[in-house]
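Visitor: Structure file structure-v1.pdb (PDB, C-alpha atoms, pLDDT in the B column) right here:
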```
MODEL        1
ATOM      1  CA  MET Z   1     -13.604  14.797  15.054  1.00 35.00           C
ATOM      2  CA  PRO Z   2     -14.689  11.522  13.382  1.00 43.00           C
ATOM      3  CA  LEU Z   3     -16.577   9.133  15.606  1.00 40.00           C
ATOM      4  CA  LEU Z   4     -13.834   6.493  15.405  1.00 40.00           C
ATOM      5  CA  ALA Z   5     -11.233   9.017  16.555  1.00 42.00           C
ATOM      6  CA  ALA Z   6     -13.473   9.940  19.470  1.00 42.00           C
ATOM      7  CA  CYS Z   7     -13.554   6.250  20.467  1.00 45.00           C
ATOM      8  CA  GLY Z   8      -9.758   5.998  20.574  1.00 48.00           C
ATOM      9  CA  PHE Z   9      -9.185   4.768  17.013  1.00 61.00           C
ATOM     10  CA  SER Z  10      -6.768   6.619  14.791  1.00 80.00           C
ATOM     11  CA  VAL Z  11      -8.270   7.645  11.435  1.00 78.00           C
ATOM     12  CA  PRO Z  12      -5.445   8.930   9.217  1.00 79.00           C
ATOM     13  CA  ASP Z  13      -6.197  11.472   6.490  1.00 80.00           C
ATOM     14  CA  HIS Z  14      -3.630   9.722   4.268  1.00 86.00           C
ATOM     15  CA  ALA Z  15      -1.387   6.652   4.431  1.00 89.00           C
ATOM     16  CA  SER Z  16       0.830   4.412   2.333  1.00 93.00           C
ATOM     17  CA  CYS Z  17       1.484   0.735   1.736  1.00 94.00           C
ATOM     18  CA  ASP Z  18       4.980  -0.120   0.503  1.00 97.00           C
ATOM     19  CA  GLY Z  19       5.251  -3.546  -1.119  1.00 96.00           C
ATOM     20  CA  ARG Z  20       9.016  -3.359  -1.587  1.00 95.00           C
ATOM     21  CA  PRO Z  21      11.162  -5.407  -1.776  1.00 92.00           C
ATOM     22  CA  GLN Z  22       8.730  -8.187  -2.838  1.00 92.00           C
ATOM     23  CA  GLU Z  23       6.713  -5.951  -5.195  1.00 95.00           C
ATOM     24  CA  GLN Z  24       8.286  -2.929  -6.855  1.00 97.00           C
ATOM     25  CA  ALA Z  25       5.375  -0.654  -5.935  1.00 97.00           C
ATOM     26  CA  CYS Z  26       4.236   1.668  -3.182  1.00 97.00           C
ATOM     27  CA  VAL Z  27       0.675   2.987  -2.908  1.00 94.00           C
ATOM     28  CA  ASP Z  28      -0.162   6.408  -1.487  1.00 93.00           C
ATOM     29  CA  LEU Z  29      -3.681   6.715  -0.119  1.00 88.00           C
ATOM     30  CA  LEU Z  30      -4.212  10.450  -0.548  1.00 89.00           C
ATOM     31  CA  THR Z  31      -7.728  10.550   0.894  1.00 81.00           C
ATOM     32  CA  ASN Z  32      -9.540   8.370   3.396  1.00 78.00           C
ATOM     33  CA  LYS Z  33     -13.113   9.199   2.359  1.00 77.00           C
ATOM     34  CA  ASN Z  34     -14.550   6.186   4.206  1.00 77.00           C
ATOM     35  CA  SER Z  35     -12.721   7.200   7.404  1.00 82.00           C
ATOM     36  CA  GLN Z  36     -11.232   3.744   7.819  1.00 81.00           C
ATOM     37  CA  ALA Z  37      -9.335   3.226  11.046  1.00 85.00           C
ATOM     38  CA  GLU Z  38      -5.564   2.858  10.930  1.00 87.00           C
ATOM     39  CA  THR Z  39      -5.901  -0.765  12.122  1.00 88.00           C
ATOM     40  CA  THR Z  40      -8.161  -1.546   9.139  1.00 86.00           C
ATOM     41  CA  LEU Z  41      -5.807   0.114   6.665  1.00 86.00           C
ATOM     42  CA  LYS Z  42      -2.865  -1.818   8.162  1.00 89.00           C
ATOM     43  CA  ALA Z  43      -4.767  -5.084   7.773  1.00 88.00           C
ATOM     44  CA  LEU Z  44      -5.439  -4.323   4.088  1.00 86.00           C
ATOM     45  CA  CYS Z  45      -1.791  -3.492   3.376  1.00 91.00           C
ATOM     46  CA  VAL Z  46       0.411  -6.229   1.937  1.00 90.00           C
ATOM     47  CA  GLY Z  47       3.770  -4.714   2.817  1.00 94.00           C
ATOM     48  CA  SER Z  48       4.838  -1.938   5.170  1.00 95.00           C
ATOM     49  CA  PHE Z  49       2.057   0.399   6.323  1.00 93.00           C
ATOM     50  CA  SER Z  50       2.719   4.030   7.216  1.00 93.00           C
ATOM     51  CA  THR Z  51       0.655   7.111   7.971  1.00 91.00           C
ATOM     52  CA  SER Z  52       3.228   9.000   5.874  1.00 92.00           C
ATOM     53  CA  LEU Z  53       3.253   8.974   2.088  1.00 94.00           C
ATOM     54  CA  CYS Z  54       5.607   6.766   0.046  1.00 95.00           C
ATOM     55  CA  ASP Z  55       9.210   7.599  -0.545  1.00 95.00           C
ATOM     56  CA  HIS Z  56       8.916   7.391  -4.305  1.00 91.00           C
ATOM     57  CA  THR Z  57      12.536   8.326  -5.003  1.00 95.00           C
ATOM     58  CA  GLY Z  58      13.554   6.299  -8.030  1.00 97.00           C
ATOM     59  CA  ALA Z  59       9.971   5.641  -9.174  1.00 98.00           C
ATOM     60  CA  LEU Z  60       9.415   5.538 -12.917  1.00 98.00           C
ATOM     61  CA  GLY Z  61       5.964   7.039 -12.432  1.00 98.00           C
ATOM     62  CA  GLY Z  62       2.630   6.364 -10.864  1.00 97.00           C
ATOM     63  CA  CYS Z  63      -0.920   5.394 -11.749  1.00 97.00           C
ATOM     64  CA  GLN Z  64      -3.594   7.601 -10.192  1.00 96.00           C
ATOM     65  CA  CYS Z  65      -6.988   6.311  -9.130  1.00 92.00           C
ATOM     66  CA  ASP Z  66      -9.579   8.986  -8.356  1.00 88.00           C
ATOM     67  CA  GLY Z  67     -12.552   6.711  -7.699  1.00 76.00           C
ATOM     68  CA  CYS Z  68     -10.880   4.043  -5.611  1.00 76.00           C
ATOM     69  CA  GLU Z  69     -12.512   2.517  -2.564  1.00 68.00           C
ATOM     70  CA  ASN Z  70     -10.971   5.113  -0.251  1.00 68.00           C
ATOM     71  CA  GLY Z  71     -10.946   8.010  -2.671  1.00 76.00           C
ATOM     72  CA  LYS Z  72      -7.764   9.095  -4.403  1.00 88.00           C
ATOM     73  CA  SER Z  73      -4.582   7.043  -4.530  1.00 91.00           C
ATOM     74  CA  ILE Z  74      -1.360   6.795  -6.539  1.00 95.00           C
ATOM     75  CA  GLU Z  75       0.417   3.500  -7.141  1.00 96.00           C
ATOM     76  CA  TRP Z  76       4.111   4.356  -7.618  1.00 98.00           C
ATOM     77  CA  LEU Z  77       5.977   1.834  -9.776  1.00 98.00           C
ATOM     78  CA  PHE Z  78       9.685   1.135  -9.746  1.00 98.00           C
ATOM     79  CA  ALA Z  79      11.858  -0.742 -12.237  1.00 98.00           C
ATOM     80  CA  ASP Z  80      10.857  -4.415 -12.303  1.00 97.00           C
ATOM     81  CA  PRO Z  81      12.413  -6.291 -15.239  1.00 96.00           C
ATOM     82  CA  SER Z  82      10.485  -9.457 -14.294  1.00 95.00           C
ATOM     83  CA  LYS Z  83       7.269  -7.561 -15.153  1.00 95.00           C
ATOM     84  CA  GLN Z  84       8.801  -5.697 -18.107  1.00 97.00           C
ATOM     85  CA  ILE Z  85       8.669  -2.358 -16.270  1.00 97.00           C
ATOM     86  CA  ASN Z  86      11.871  -0.517 -17.123  1.00 98.00           C
ATOM     87  CA  THR Z  87      10.803   2.947 -18.320  1.00 98.00           C
ATOM     88  CA  ALA Z  88       8.132   5.602 -17.773  1.00 98.00           C
ATOM     89  CA  ASP Z  89       6.469   4.362 -20.980  1.00 98.00           C
ATOM     90  CA  ASP Z  90       6.163   0.906 -19.405  1.00 98.00           C
ATOM     91  CA  VAL Z  91       4.424   2.494 -16.413  1.00 98.00           C
ATOM     92  CA  ARG Z  92       2.056   4.345 -18.772  1.00 97.00           C
ATOM     93  CA  ARG Z  93       1.220   0.953 -20.330  1.00 97.00           C
ATOM     94  CA  VAL Z  94       0.505  -0.550 -16.907  1.00 96.00           C
ATOM     95  CA  CYS Z  95      -1.652   2.434 -15.959  1.00 97.00           C
ATOM     96  CA  ALA Z  96      -3.862   1.786 -19.025  1.00 95.00           C
ATOM     97  CA  ASN Z  97      -6.943   4.009 -18.419  1.00 93.00           C
ATOM     98  CA  ARG Z  98      -5.686   5.452 -15.126  1.00 94.00           C
ATOM     99  CA  PRO Z  99      -3.853   8.801 -15.373  1.00 96.00           C
ATOM    100  CA  TYR Z 100      -0.053   8.585 -15.370  1.00 98.00           C
ATOM    101  CA  VAL Z 101       1.701  10.706 -12.708  1.00 97.00           C
ATOM    102  CA  ALA Z 102       5.303  11.781 -13.224  1.00 96.00           C
ATOM    103  CA  PRO Z 103       7.623  11.107 -10.279  1.00 92.00           C
TER
ENDMDL
END
```
Mind turning the file's structure into structure tokens?
Guide:
Amino acid sequence: MPLLAACGFSVPDHASCDGRPQEQACVDLLTNKNSQAETTLKALCVGSFSTSLCDHTGALGGCQCDGCENGKSIEWLFADPSKQINTADDVRRVCANRPYVAP
């Protein structure tokens, strides 16, 4: 059991931050390699925090980050004409050097 969990803090193995409806994106934190407490992850989230993964129904695709601050994450992107994101190819463009993940 991680030390923080032993002290009464919840340390989720994974979580998500859903920026919708303001931002057409939802980020899945697939690993929590730094064992950040749930309260810390909530504070870092701009949107709705959950210890469940994103509902990425309707996503055009995602951008994977393997070396992110907390390990592995996927940023799921949804149609956003204001940012010229309308197709999976647009998501691939946004991902740039990060691997594209099909929905």
Visitor: Determine, counting only C-alpha atoms, which protein, DNA and RNA residues have an atom within 10 Å of an atom of Z:Lys42; residues of the same chain fewer than 4 positions away are not included. Present the result as a ChimeraX atom specification.
Guide: /Z:15-17,37-38,46-51
Visitor: With distances taken over all atoms listed in the file, which residue among Z:Cys54, Z:Ala25, Z:Leu60, Z:Val11 lies nearest Z:Thr39?
Guide: Z:Val11
Visitor: Could you check the closest approach to Z:Asp90 for each of Z:Ala43, Z:Pro21, Z:Gly71, Z:Leu77 and tell me which residue wins, using all atoms listed in the file?
Guide: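 Between Z:Ala43, Z:Pro21, Z:Gly71, Z:Leu77, the residue approaching Z:Asp90 most closely is Z:Leu77.
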Visitor: Have a look at atom CA of Z:Asn32 and atom CA of Z:Arg93 and let me know their distance in Å, one decimal.
Guide: 27.1 Å
Visitor: In Å, how far is it from atom CA of Z:Asp80 to atom CA of Z:Glu23?
Guide: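 Rounded to one decimal, the two atoms are 8.4 Å apart.
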Visitor: Please evaluate the PyMOL selection byres ((chain Z and resi 91) around 12) against the displayed coordinates and give the resulting residues as a PyMOL selection string.
Guide: chain Z and resi 24-25+59-64+75-81+83-90+92-103
Visitor: Please measure the separation of atom CA of Z:Cys45 and atom CA of Z:Leu29, giving the value in Å to one decimal.
Guide: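 Atom-to-atom, atom CA of Z:Cys45 and atom CA of Z:Leu29 are spaced 11.0 Å apart.
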Visitor: So, counting only C-alpha atoms, which residue among Z:Thr31, Z:Gln36, Z:Ser10, Z:Thr57 is closest to Z:Lys72?
Guide: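 Using only C-alpha atoms, Z:Lys72 sits closest to Z:Thr31.
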Visitor: So, with all atoms listed in the file as the atoms that count, which of Z:Ser35, Z:Ser82, Z:Leu30, Z:Thr40 lies closest to Z:Ser52?
Guide: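 Ranked by minimum distance to Z:Ser52, first place goes to Z:Leu30.
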Visitor: Point out the residue among Z:Lys33, Z:Asp55, Z:Gln22, Z:His14 with the least atom-to-atom distance to Z:Gly67, counting all atoms listed in the file.
Guide: Z:Lys33
